[in-house]
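**Student:** Input structure: final.cif, which contains mmCIF, C-alpha atoms and all ligand atoms.
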```cif
data_protein
loop_
_atom_site.group_PDB
_atom_site.id
_atom_site.type_symbol
_atom_site.label_atom_id
_atom_site.label_comp_id
_atom_site.auth_asym_id
_atom_site.auth_seq_id
_atom_site.Cartn_x
_atom_site.Cartn_y
_atom_site.Cartn_z
ATOM 1 C CA MET Y 1 0.000 0.000 0.000
ATOM 2 C CA ALA Y 2 1.474 3.346 -1.048
ATOM 3 C CA LEU Y 3 -1.358 5.632 0.120
ATOM 4 C CA ASP Y 4 -2.459 6.080 3.709
ATOM 5 C CA ARG Y 5 -6.060 5.718 4.914
ATOM 6 C CA THR Y 6 -6.740 9.471 4.738
ATOM 7 C CA HIS Y 7 -5.778 9.614 1.071
ATOM 8 C CA LEU Y 8 -7.762 6.464 0.209
ATOM 9 C CA ASP Y 9 -10.871 7.903 1.894
ATOM 10 C CA HIS Y 10 -10.383 11.266 0.197
ATOM 11 C CA LEU Y 11 -10.078 9.679 -3.263
ATOM 12 C CA ALA Y 12 -13.101 7.427 -2.667
ATOM 13 C CA ALA Y 13 -15.190 10.468 -1.641
ATOM 14 C CA HIS Y 14 -13.885 12.401 -4.672
ATOM 15 C CA LEU Y 15 -14.904 9.682 -7.192
ATOM 16 C CA ASP Y 16 -18.173 8.895 -5.395
ATOM 17 C CA ALA Y 17 -19.133 12.592 -5.586
ATOM 18 C CA ALA Y 18 -18.196 12.821 -9.280
ATOM 19 C CA ARG Y 19 -20.562 9.915 -9.947
ATOM 20 C CA SER Y 20 -23.505 11.278 -7.962
ATOM 21 C CA GLU Y 21 -23.013 14.852 -9.213
ATOM 22 C CA VAL Y 22 -22.604 13.675 -12.834
ATOM 23 C CA ARG Y 23 -19.341 15.548 -13.505
ATOM 24 C CA ASP Y 24 -16.017 14.425 -14.851
ATOM 25 C CA VAL Y 25 -12.652 14.672 -13.095
ATOM 26 C CA THR Y 26 -9.040 14.140 -14.137
ATOM 27 C CA LYS Y 27 -7.553 10.702 -13.586
ATOM 28 C CA ILE Y 28 -6.391 10.313 -10.008
ATOM 29 C CA THR Y 29 -2.930 8.923 -10.844
ATOM 30 C CA ASP Y 30 -2.075 12.420 -12.195
ATOM 31 C CA ASP Y 31 -2.021 13.628 -8.582
ATOM 32 C CA PHE Y 32 -1.035 10.326 -6.948
ATOM 33 C CA PRO Y 33 1.454 8.693 -9.331
ATOM 34 C CA ASP Y 34 2.772 6.354 -6.627
ATOM 35 C CA MET Y 35 -0.613 4.734 -6.046
ATOM 36 C CA ASP Y 36 -0.341 0.911 -6.271
ATOM 37 C CA TRP Y 37 -2.792 -1.870 -7.272
ATOM 38 C CA ALA Y 38 -3.892 -2.541 -3.699
ATOM 39 C CA ASP Y 39 -4.652 1.179 -3.285
ATOM 40 C CA ALA Y 40 -6.778 1.160 -6.449
ATOM 41 C CA TYR Y 41 -8.931 -1.737 -5.209
ATOM 42 C CA ASP Y 42 -9.005 -0.298 -1.672
ATOM 43 C CA ILE Y 43 -10.454 2.956 -3.059
ATOM 44 C CA GLN Y 44 -13.082 0.938 -4.998
ATOM 45 C CA ASP Y 45 -13.919 -1.041 -1.817
ATOM 46 C CA GLU Y 46 -14.320 2.220 0.108
ATOM 47 C CA ILE Y 47 -16.692 3.568 -2.598
ATOM 48 C CA ARG Y 48 -18.701 0.336 -2.270
ATOM 49 C CA ARG Y 49 -18.754 0.677 1.534
ATOM 50 C CA ARG Y 50 -19.996 4.270 1.262
ATOM 51 C CA GLN Y 51 -22.703 3.378 -1.264
ATOM 52 C CA GLU Y 52 -23.897 0.411 0.811
ATOM 53 C CA ALA Y 53 -23.990 2.661 3.898
ATOM 54 C CA ARG Y 54 -26.384 4.897 1.926
ATOM 55 C CA GLY Y 55 -28.623 1.877 1.310
ATOM 56 C CA LEU Y 56 -27.458 0.935 -2.212
ATOM 57 C CA ARG Y 57 -27.425 -2.827 -2.485
ATOM 58 C CA THR Y 58 -24.540 -4.522 -4.293
ATOM 59 C CA VAL Y 59 -26.159 -7.023 -6.679
ATOM 60 C CA GLY Y 60 -23.317 -8.352 -8.774
ATOM 61 C CA LEU Y 61 -19.684 -8.341 -9.820
ATOM 62 C CA LYS Y 62 -18.112 -7.412 -13.125
ATOM 63 C CA ALA Y 63 -14.981 -8.089 -15.080
ATOM 64 C CA GLY Y 64 -13.881 -5.397 -17.506
ATOM 65 C CA LEU Y 65 -11.269 -4.972 -20.226
ATOM 66 C CA THR Y 66 -11.423 -8.734 -20.798
ATOM 67 C CA SER Y 67 -11.649 -8.625 -24.603
ATOM 68 C CA PHE Y 68 -8.803 -7.672 -26.907
ATOM 69 C CA ALA Y 69 -11.099 -5.130 -28.593
ATOM 70 C CA LYS Y 70 -11.688 -3.349 -25.264
ATOM 71 C CA MET Y 71 -8.052 -3.478 -24.160
ATOM 72 C CA LYS Y 72 -6.997 -2.011 -27.499
ATOM 73 C CA GLN Y 73 -9.706 0.673 -27.350
ATOM 74 C CA MET Y 74 -8.657 1.791 -23.866
ATOM 75 C CA GLY Y 75 -4.885 1.261 -24.275
ATOM 76 C CA VAL Y 76 -4.461 -1.245 -21.436
ATOM 77 C CA ASN Y 77 -3.370 -4.886 -21.426
ATOM 78 C CA GLU Y 78 -4.990 -6.385 -18.343
ATOM 79 C CA PRO Y 79 -8.555 -6.949 -17.102
ATOM 80 C CA CYS Y 80 -10.027 -5.212 -14.076
ATOM 81 C CA PHE Y 81 -12.874 -6.037 -11.668
ATOM 82 C CA GLY Y 82 -15.697 -4.075 -10.088
ATOM 83 C CA PHE Y 83 -19.234 -4.318 -8.706
ATOM 84 C CA VAL Y 84 -22.754 -3.333 -9.757
ATOM 85 C CA SER Y 85 -25.500 -2.146 -7.439
ATOM 86 C CA ALA Y 86 -29.309 -2.255 -7.585
ATOM 87 C CA ASP Y 87 -29.654 1.433 -8.515
ATOM 88 C CA MET Y 88 -27.706 0.756 -11.750
ATOM 89 C CA ALA Y 89 -30.229 -1.808 -13.045
ATOM 90 C CA ARG Y 90 -32.681 -0.781 -15.765
ATOM 91 C CA PRO Y 91 -35.407 -2.912 -17.384
ATOM 92 C CA ASP Y 92 -34.997 -4.574 -20.786
ATOM 93 C CA GLY Y 93 -36.607 -2.401 -23.455
ATOM 94 C CA GLY Y 94 -36.608 0.615 -21.143
ATOM 95 C CA GLU Y 95 -35.179 4.113 -21.239
ATOM 96 C CA ILE Y 96 -31.782 5.307 -20.043
ATOM 97 C CA ARG Y 97 -31.585 8.970 -19.073
ATOM 98 C CA MET Y 98 -28.584 10.776 -20.569
ATOM 99 C CA SER Y 99 -28.947 13.626 -18.038
ATOM 100 C CA GLU Y 100 -27.919 11.193 -15.262
ATOM 101 C CA LEU Y 101 -24.721 10.219 -17.063
ATOM 102 C CA ILE Y 102 -21.558 11.960 -18.290
ATOM 103 C CA HIS Y 103 -20.634 10.246 -21.593
ATOM 104 C CA PRO Y 104 -22.079 6.710 -21.668
ATOM 105 C CA LYS Y 105 -21.024 3.858 -23.925
ATOM 106 C CA VAL Y 106 -22.690 0.462 -24.331
ATOM 107 C CA GLU Y 107 -21.133 -2.984 -24.134
ATOM 108 C CA ALA Y 108 -22.594 -6.426 -24.932
ATOM 109 C CA GLU Y 109 -21.837 -8.885 -22.149
ATOM 110 C CA ILE Y 110 -22.322 -12.597 -21.543
ATOM 111 C CA CYS Y 111 -23.209 -12.965 -17.853
ATOM 112 C CA ILE Y 112 -23.480 -15.886 -15.486
ATOM 113 C CA VAL Y 113 -25.050 -16.611 -12.106
ATOM 114 C CA THR Y 114 -23.173 -19.003 -9.819
ATOM 115 C CA LYS Y 115 -24.720 -21.892 -7.874
ATOM 116 C CA ALA Y 116 -21.589 -22.647 -5.824
ATOM 117 C CA ALA Y 117 -18.889 -20.494 -4.274
ATOM 118 C CA LEU Y 118 -15.642 -19.959 -6.215
ATOM 119 C CA ARG Y 119 -12.397 -19.233 -4.428
ATOM 120 C CA GLY Y 120 -8.906 -18.663 -5.814
ATOM 121 C CA PRO Y 121 -6.016 -19.183 -6.080
ATOM 122 C CA GLY Y 122 -6.051 -21.874 -8.734
ATOM 123 C CA CYS Y 123 -9.611 -21.293 -9.933
ATOM 124 C CA HIS Y 124 -9.901 -22.355 -13.609
ATOM 125 C CA VAL Y 125 -12.430 -22.565 -16.441
ATOM 126 C CA GLY Y 126 -13.491 -26.090 -15.398
ATOM 127 C CA ALA Y 127 -14.253 -25.031 -11.835
ATOM 128 C CA VAL Y 128 -16.224 -22.061 -13.136
ATOM 129 C CA MET Y 129 -18.234 -24.209 -15.587
ATOM 130 C CA ALA Y 130 -19.178 -26.547 -12.720
ATOM 131 C CA ALA Y 131 -20.312 -23.583 -10.617
ATOM 132 C CA ILE Y 132 -22.497 -21.869 -13.252
ATOM 133 C CA ASP Y 133 -26.204 -21.986 -12.471
ATOM 134 C CA PHE Y 134 -27.255 -20.315 -15.726
ATOM 135 C CA VAL Y 135 -26.060 -17.916 -18.418
ATOM 136 C CA ILE Y 136 -27.942 -14.686 -19.156
ATOM 137 C CA PRO Y 137 -27.209 -11.784 -21.529
ATOM 138 C CA ALA Y 138 -26.864 -8.144 -20.558
ATOM 139 C CA VAL Y 139 -25.807 -4.757 -21.845
ATOM 140 C CA GLU Y 140 -23.567 -2.696 -19.623
ATOM 141 C CA ILE Y 141 -23.653 1.078 -19.917
ATOM 142 C CA ILE Y 142 -20.257 2.296 -18.769
ATOM 143 C CA ASP Y 143 -19.665 5.940 -17.860
ATOM 144 C CA SER Y 144 -16.132 6.736 -16.778
ATOM 145 C CA ARG Y 145 -15.952 9.570 -14.314
ATOM 146 C CA TYR Y 146 -12.682 10.553 -16.024
ATOM 147 C CA ARG Y 147 -12.599 13.332 -18.579
ATOM 148 C CA ASP Y 148 -12.906 12.020 -22.148
ATOM 149 C CA PHE Y 149 -12.686 8.415 -20.850
ATOM 150 C CA LYS Y 150 -8.917 8.971 -20.446
ATOM 151 C CA PHE Y 151 -7.483 6.791 -17.691
ATOM 152 C CA ASP Y 152 -4.891 4.197 -16.780
ATOM 153 C CA LEU Y 153 -5.729 0.856 -15.210
ATOM 154 C CA LYS Y 154 -5.257 1.944 -11.587
ATOM 155 C CA SER Y 155 -7.462 5.012 -12.036
ATOM 156 C CA VAL Y 156 -10.277 3.027 -13.674
ATOM 157 C CA ILE Y 157 -10.161 0.317 -10.976
ATOM 158 C CA ALA Y 158 -10.532 2.986 -8.289
ATOM 159 C CA ASP Y 159 -13.511 4.372 -10.257
ATOM 160 C CA ASN Y 160 -15.296 1.001 -10.005
ATOM 161 C CA THR Y 161 -14.372 0.186 -13.620
ATOM 162 C CA SER Y 162 -16.709 2.858 -15.023
ATOM 163 C CA ALA Y 163 -19.815 0.944 -13.821
ATOM 164 C CA ALA Y 164 -22.976 3.025 -14.297
ATOM 165 C CA ARG Y 165 -26.007 1.092 -15.630
ATOM 166 C CA PHE Y 166 -26.814 -2.421 -16.760
ATOM 167 C CA VAL Y 167 -29.753 -4.083 -18.464
ATOM 168 C CA ILE Y 168 -30.326 -7.813 -18.114
ATOM 169 C CA GLY Y 169 -32.613 -9.261 -20.756
ATOM 170 C CA GLY Y 170 -33.101 -12.015 -23.288
ATOM 171 C CA ARG Y 171 -33.509 -15.431 -21.739
ATOM 172 C CA SER Y 172 -31.362 -17.533 -19.469
ATOM 173 C CA ARG Y 173 -29.975 -20.905 -20.528
ATOM 174 C CA ALA Y 174 -28.180 -23.783 -18.847
ATOM 175 C CA VAL Y 175 -24.474 -23.633 -19.619
ATOM 176 C CA GLU Y 176 -24.589 -27.180 -21.078
ATOM 177 C CA ALA Y 177 -26.964 -25.901 -23.785
ATOM 178 C CA LEU Y 178 -24.424 -23.342 -25.031
ATOM 179 C CA ASP Y 179 -20.936 -23.109 -26.447
ATOM 180 C CA LEU Y 180 -19.738 -19.977 -24.699
ATOM 181 C CA ARG Y 181 -16.797 -19.587 -27.084
ATOM 182 C CA THR Y 182 -18.708 -19.617 -30.349
ATOM 183 C CA LEU Y 183 -21.755 -17.777 -28.980
ATOM 184 C CA GLY Y 184 -22.314 -14.960 -31.461
ATOM 185 C CA VAL Y 185 -23.198 -11.397 -30.421
ATOM 186 C CA VAL Y 186 -24.443 -8.657 -32.761
ATOM 187 C CA LEU Y 187 -24.729 -5.115 -31.424
ATOM 188 C CA GLU Y 188 -27.085 -2.835 -33.359
ATOM 189 C CA LYS Y 189 -27.362 0.915 -32.945
ATOM 190 C CA ASN Y 190 -30.421 2.500 -34.573
ATOM 191 C CA GLY Y 191 -31.003 -0.639 -36.628
ATOM 192 C CA ARG Y 192 -27.469 -0.810 -38.029
ATOM 193 C CA ILE Y 193 -24.790 -3.269 -36.971
ATOM 194 C CA ALA Y 194 -22.219 -1.356 -34.934
ATOM 195 C CA ALA Y 195 -20.076 -4.271 -33.679
ATOM 196 C CA MET Y 196 -20.077 -8.051 -33.486
ATOM 197 C CA ALA Y 197 -18.039 -10.795 -31.875
ATOM 198 C CA ALA Y 198 -18.170 -14.288 -30.397
ATOM 199 C CA GLY Y 199 -17.779 -15.259 -26.743
ATOM 200 C CA ALA Y 200 -14.155 -16.301 -27.294
ATOM 201 C CA ALA Y 201 -13.331 -12.592 -27.658
ATOM 202 C CA VAL Y 202 -13.405 -12.563 -23.837
ATOM 203 C CA LEU Y 203 -10.061 -14.071 -22.796
ATOM 204 C CA GLY Y 204 -10.609 -17.060 -25.114
ATOM 205 C CA HIS Y 205 -13.608 -18.179 -23.006
ATOM 206 C CA PRO Y 206 -15.973 -16.013 -20.902
ATOM 207 C CA ALA Y 207 -15.554 -18.433 -17.949
ATOM 208 C CA ALA Y 208 -11.857 -17.465 -17.897
ATOM 209 C CA ALA Y 209 -12.915 -13.956 -16.832
ATOM 210 C CA VAL Y 210 -14.787 -15.447 -13.860
ATOM 211 C CA ALA Y 211 -11.777 -17.616 -12.941
ATOM 212 C CA MET Y 212 -9.565 -14.501 -13.033
ATOM 213 C CA LEU Y 213 -12.067 -12.703 -10.802
ATOM 214 C CA ALA Y 214 -12.052 -15.586 -8.278
ATOM 215 C CA ASN Y 215 -8.241 -15.593 -8.274
ATOM 216 C CA HIS Y 216 -8.148 -11.818 -7.855
ATOM 217 C CA LEU Y 217 -10.578 -11.963 -4.905
ATOM 218 C CA GLY Y 218 -8.646 -14.912 -3.439
ATOM 219 C CA ARG Y 219 -5.554 -12.694 -3.256
ATOM 220 C CA ARG Y 220 -7.647 -10.222 -1.261
ATOM 221 C CA GLY Y 221 -8.982 -12.965 1.051
ATOM 222 C CA GLN Y 222 -12.448 -12.978 -0.529
ATOM 223 C CA GLU Y 223 -14.512 -15.397 -2.622
ATOM 224 C CA ILE Y 224 -17.371 -15.322 -5.117
ATOM 225 C CA PRO Y 225 -20.420 -16.542 -3.151
ATOM 226 C CA ALA Y 226 -23.029 -18.908 -4.610
ATOM 227 C CA GLY Y 227 -25.835 -16.977 -6.297
ATOM 228 C CA THR Y 228 -23.610 -14.181 -7.610
ATOM 229 C CA PHE Y 229 -24.470 -12.402 -10.874
ATOM 230 C CA ILE Y 230 -21.242 -11.790 -12.813
ATOM 231 C CA MET Y 231 -20.745 -9.769 -15.996
ATOM 232 C CA THR Y 232 -17.769 -11.181 -17.914
ATOM 233 C CA GLY Y 233 -16.908 -8.010 -19.880
ATOM 234 C CA GLY Y 234 -17.732 -6.403 -23.212
ATOM 235 C CA VAL Y 235 -17.147 -8.748 -26.165
ATOM 236 C CA THR Y 236 -16.546 -5.859 -28.595
ATOM 237 C CA GLU Y 237 -15.273 -2.310 -28.226
ATOM 238 C CA ALA Y 238 -17.689 -0.034 -26.344
ATOM 239 C CA ILE Y 239 -20.051 2.049 -28.516
ATOM 240 C CA ALA Y 240 -20.775 5.696 -27.633
ATOM 241 C CA VAL Y 241 -24.448 6.697 -27.480
ATOM 242 C CA GLN Y 242 -26.455 9.925 -27.475
ATOM 243 C CA ALA Y 243 -30.040 10.892 -26.666
ATOM 244 C CA GLY Y 244 -32.296 9.437 -29.350
ATOM 245 C CA ASP Y 245 -30.193 6.316 -29.923
ATOM 246 C CA SER Y 246 -31.714 2.841 -29.728
ATOM 247 C CA ILE Y 247 -29.552 -0.158 -28.936
ATOM 248 C CA ASN Y 248 -30.471 -3.764 -29.596
ATOM 249 C CA VAL Y 249 -28.042 -6.612 -28.969
ATOM 250 C CA ARG Y 250 -28.770 -10.081 -30.350
ATOM 251 C CA PHE Y 251 -27.161 -12.940 -28.456
ATOM 252 C CA GLN Y 252 -27.097 -16.360 -30.136
ATOM 253 C CA ASP Y 253 -29.455 -18.731 -28.241
ATOM 254 C CA LEU Y 254 -30.038 -16.098 -25.514
ATOM 255 C CA GLY Y 255 -32.413 -13.624 -27.140
ATOM 256 C CA SER Y 256 -31.998 -9.847 -27.326
ATOM 257 C CA VAL Y 257 -31.413 -6.978 -24.933
ATOM 258 C CA SER Y 258 -32.512 -3.474 -25.910
ATOM 259 C CA MET Y 259 -32.816 0.057 -24.583
ATOM 260 C CA ARG Y 260 -33.384 3.626 -25.704
ATOM 261 C CA PHE Y 261 -31.372 6.669 -24.646
ATOM 262 C CA VAL Y 262 -33.417 9.765 -23.824
ATOM 263 C CA GLU Y 263 -32.596 13.309 -22.602
HETATM 264 C C1 LIG P 301 -13.602 0.218 -18.130
HETATM 265 C C2 LIG P 301 -14.680 -0.788 -17.952
HETATM 266 C C3 LIG P 301 -14.595 -1.877 -18.982
HETATM 267 C C4 LIG P 301 -15.681 -3.911 -19.975
HETATM 268 O O1 LIG P 301 -16.658 -4.656 -20.069
HETATM 269 O O2 LIG P 301 -14.681 -4.050 -20.685
HETATM 270 C C5 LIG P 301 -15.728 -2.820 -18.970
HETATM 271 C C6 LIG P 301 -13.857 1.166 -19.282
HETATM 272 O O3 LIG P 301 -13.626 0.786 -20.428
HETATM 273 O O4 LIG P 301 -14.271 2.311 -19.032
HETATM 274 O O5 LIG P 301 -16.684 -2.758 -18.244
HETATM 275 MG MG MG P 302 -18.324 -3.964 -19.037
#
```
For the structure just supplied, provide its representation as structure tokens.
Ligand code: OOG
Ligand code: MG

**Tutor:**
Amino acid sequence: MALDRTHLDHLAAHLDAARSEVRDVTKITDDFPDMDWADAYDIQDEIRRRQEARGLRTVGLKAGLTSFAKMKQMGVNEPCFGFVSADMARPDGGEIRMSELIHPKVEAEICIVTKAALRGPGCHVGAVMAAIDFVIPAVEIIDSRYRDFKFDLKSVIADNTSAARFVIGGRSRAVEALDLRTLGVVLEKNGRIAAMAAGAAVLGHPAAAVAMLANHLGRRGQEIPAGTFIMTGGVTEAIAVQAGDSINVRFQDLGSVSMRFVE
């Protein structure tokens, strides 16, 4: 740990306020270049603690920057992990208010719900497959609190990996009924294809993102409990949206997830 408790608390309050006040800030490593990985996750944990203290329920975990397309888009070469809370959930086919967000982008994500706990180190794709209750599709709406989405990995981890909104939709399926690697995803914006990919875009296999998450939490003395909703990360690059845009994502064998962006 490079930062002391006072600085961690200050940075958590700073990012938490940027989120609730819908305003961007410069990336925190500009002012704290010595910040380390533990500090970044400690700041995220403190944001989560503050939000839960205000009554916001944590309802899932997320992996981010797990596809090559996303890593390339954001100029990083490693995944990151965060959480989603109940206030971020929006219904399938519903509206997303632009006025509550800074500069949102959408991502198509293959998600799972666990039926058994997963604990690293040594968690692998096989262990994850055995622990999957069902697979369900979602769209994540990310909204970095950093100006122009410009950040490094430590800054974005502290900012809860840009988590802002998510829409679960389509239909759930047993994992045995799917091939998560070849599962095709087509992202349409205003009726036109904006991006497409297959599940293997996520670290070769979406379950690998969950294994990495379990191993990451294991290093911090935590586990993924049974019954956890986990987003495995955008399969394509994120697509910027504006008021008036409609998004529809078709997931092979899992139906569609859609939403409309309004003022
Ligand atoms: C970080 C969050 C990335 C994903 O699915 O790749 C993420 C960002 O790109 O702002 O959620
Ligand atoms: Mg995401």

**Student:** With only C-alpha atoms as the counted atoms, please give the residues lying no more than 9 Å from segment 88-90 of chain Y, apart from itself and same-chain residues fewer than 3 positions off, as a PyMOL selection string.

**Tutor:** chain Y and resi 84-85+93-96+163-168+259

**Student:** Can you work out which residues are within 9 Å of ligand MG 302 (chain P), considering only C-alpha atoms and all ligand atoms, and then hand them over as a ChimeraX atom specification?

**Tutor:** /Y:62-66,106-109,139-142,161-163,166,231-235,238

**Student:** Residues at most 8 Å from Arg171 of chain Y, counting only C-alpha atoms, excluding those fewer than 5 positions away in the same chain, as a PyMOL selection string?

**Tutor:** chain Y and resi 136-137+254-255

**Student:** Using all atoms listed in the file, which protein or nucleic acid residues come within 10 Å of Arg250 of chain Y? Drop anything in the same chain fewer than 2 positions from it, and give the result as a list in words.

**Tutor:**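 Those residues are Ala108, Pro137, Gly170, Gly184, Val185, Val186, Leu187, Glu188, Met196, Asn248, Gln252, Asp253, Leu254, Gly255, Ser256, Val257 and Ser258 of chain Y.
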
**Student:** Calculate how many Å separate atom CA of Val113 of chain Y from atom CA of Gly169 of chain Y, rounding to one decimal.

**Tutor:**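 Separation of atom CA of Val113 of chain Y and atom CA of Gly169 of chain Y: 13.6 Å.
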
**Student:** As JSON, please report the centre and edge lengths, rounded to one decimal in Å, of the axis-aligned box that holds all listed atoms of ligand LIG 301 (chain P) with 8 Å of padding on each of the six sides.

**Tutor:**
```
{"center_x": -15.1, "center_y": -1.2, "center_z": -19.3, "size_x": 19.1, "size_y": 23.0, "size_z": 18.7}
```

**Student:** Taking 3 positions as the minimum chain separation for residues in the same chain, which residues sit within 10 Å of Leu56 of chain Y when counting only C-alpha atoms? Answer as a ChimeraX atom specification.

**Tutor:** /Y:48-53,59,84-88

**Student:** Rounded to one decimal in Å, what is the spacing between atom O5 of ligand LIG 301 (chain P) and atom CA of Pro104 of chain Y?

**Tutor:**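 Rounded to one decimal, the two atoms are 11.4 Å apart.
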
**Student:** Return the single residue from Y:Ser99, Y:Ser144, Y:Thr114, Y:Thr6 that is closest to ligand LIG 301 (chain P), with distances computed using all atoms listed in the file.

**Tutor:**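 Once distances to ligand LIG 301 (chain P) are computed over all atoms listed in the file, the minimum belongs to Y:Ser144.
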
**Student:** To one decimal place, how far is atom CA of Ile157 of chain Y from atom CA of Phe251 of chain Y in Å?

**Tutor:**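 A separation of 27.8 Å between them.
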
**Student:** Please list as a PyMOL selection string every residue within 7 Å of Ile224 of chain Y, counting only C-alpha atoms and excluding residues in the same chain fewer than 5 positions away.

**Tutor:** chain Y and resi 117-119+214

**Student:** Counting all atoms listed in the file, which residue out of Y:Ile230, Y:Leu8, Y:Ala240, Y:Ile28 sits closest to Lys115 of chain Y?

**Tutor:**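 Under the stated criterion, the closest residue is Y:Ile230.
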
**Student:** Looking at all atoms listed in the file, which of Y:Ala40, Y:Met74, Y:Ile193, Y:Ala69 is the one that sits closest to Asp9 of chain Y?

**Tutor:**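 Residue with the minimum atom-to-atom distance to Asp9 of chain Y: Y:Ala40.
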
**Student:** Choose the residue, out of Y:Gly55, Y:Gly221, Y:Pro206, Y:Pro91, that has the smallest atom-to-atom separation from ligand LIG 301 (chain P); count all atoms listed in the file.

**Tutor:**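 Between Y:Gly55, Y:Gly221, Y:Pro206, Y:Pro91, the residue approaching ligand LIG 301 (chain P) most closely is Y:Pro206.
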
**Student:** I need the residue set behind the PyMOL selection byres (((chain Y and resi 120) around 6) and not hetatm) for this file; please write it as a list in words.

**Tutor:**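 With the PyMOL selection byres (((chain Y and resi 120) around 6) and not hetatm) on this model, the match is Arg119, Pro121, Gly122, Cys123, Ala214, Asn215 and Gly218 of chain Y.
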
**Student:** Which of these, Y:Pro33, Y:Gly60, Y:Gly82, Y:Pro225, has the shortest distance to ligand LIG 301 (chain P) once you count only C-alpha atoms and all ligand atoms?

**Tutor:**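 Checking each of Y:Pro33, Y:Gly60, Y:Gly82, Y:Pro225 against ligand LIG 301 (chain P), counting only C-alpha atoms and all ligand atoms, the winner is Y:Gly82.
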
**Student:** So which residues get picked by the PyMOL selection byres (((chain Y and resi 39) around 9) and not hetatm) here, written as an mmCIF file with C-alpha atoms, in the frame of the given file?

**Tutor:**
```cif
data_model
loop_
_atom_site.group_PDB
_atom_site.id
_atom_site.type_symbol
_atom_site.label_atom_id
_atom_site.label_comp_id
_atom_site.auth_asym_id
_atom_site.auth_seq_id
_atom_site.Cartn_x
_atom_site.Cartn_y
_atom_site.Cartn_z
ATOM 1 C CA MET Y 1 0.000 0.000 0.000
ATOM 2 C CA ALA Y 2 1.474 3.346 -1.048
ATOM 3 C CA LEU Y 3 -1.358 5.632 0.120
ATOM 4 C CA ASP Y 4 -2.459 6.080 3.709
ATOM 5 C CA LEU Y 8 -7.762 6.464 0.209
ATOM 6 C CA MET Y 35 -0.613 4.734 -6.046
ATOM 7 C CA ASP Y 36 -0.341 0.911 -6.271
ATOM 8 C CA TRP Y 37 -2.792 -1.870 -7.272
ATOM 9 C CA ALA Y 38 -3.892 -2.541 -3.699
ATOM 10 C CA ALA Y 40 -6.778 1.160 -6.449
ATOM 11 C CA TYR Y 41 -8.931 -1.737 -5.209
ATOM 12 C CA ASP Y 42 -9.005 -0.298 -1.672
ATOM 13 C CA ILE Y 43 -10.454 2.956 -3.059
ATOM 14 C CA GLN Y 44 -13.082 0.938 -4.998
ATOM 15 C CA LYS Y 154 -5.257 1.944 -11.587
ATOM 16 C CA ALA Y 158 -10.532 2.986 -8.289
#
```

**Student:** Using only C-alpha atoms and all ligand atoms, find the one residue out of Y:Lys27, Y:Arg54, Y:Lys70, Y:His14 that sits nearest to ligand LIG 301 (chain P).

**Tutor:**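 Closest to ligand LIG 301 (chain P) of all the choices is Y:Lys70.
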
**Student:** Spell out the residues picked by the PyMOL selection byres (((chain Y and resi 175-183) around 7) and not hetatm) here, as a PDB file with C-alpha atoms, keeping the file's coordinate frame.

**Tutor:**
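As written to disk, part.pdb reads:
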```pdb
ATOM      1  CA  ILE Y 132     -22.497 -21.869 -13.252  1.00  0.00           C
ATOM      2  CA  PHE Y 134     -27.255 -20.315 -15.726  1.00  0.00           C
ATOM      3  CA  VAL Y 135     -26.060 -17.916 -18.418  1.00  0.00           C
ATOM      4  CA  ARG Y 173     -29.975 -20.905 -20.528  1.00  0.00           C
ATOM      5  CA  ALA Y 174     -28.180 -23.783 -18.847  1.00  0.00           C
ATOM      6  CA  GLY Y 184     -22.314 -14.960 -31.461  1.00  0.00           C
ATOM      7  CA  VAL Y 185     -23.198 -11.397 -30.421  1.00  0.00           C
ATOM      8  CA  ALA Y 198     -18.170 -14.288 -30.397  1.00  0.00           C
ATOM      9  CA  GLY Y 199     -17.779 -15.259 -26.743  1.00  0.00           C
ATOM     10  CA  ALA Y 200     -14.155 -16.301 -27.294  1.00  0.00           C
ATOM     11  CA  GLY Y 204     -10.609 -17.060 -25.114  1.00  0.00           C
ATOM     12  CA  HIS Y 205     -13.608 -18.179 -23.006  1.00  0.00           C
ATOM     13  CA  PRO Y 206     -15.973 -16.013 -20.902  1.00  0.00           C
ATOM     14  CA  GLN Y 252     -27.097 -16.360 -30.136  1.00  0.00           C
TER      15      GLN Y 252
END
```
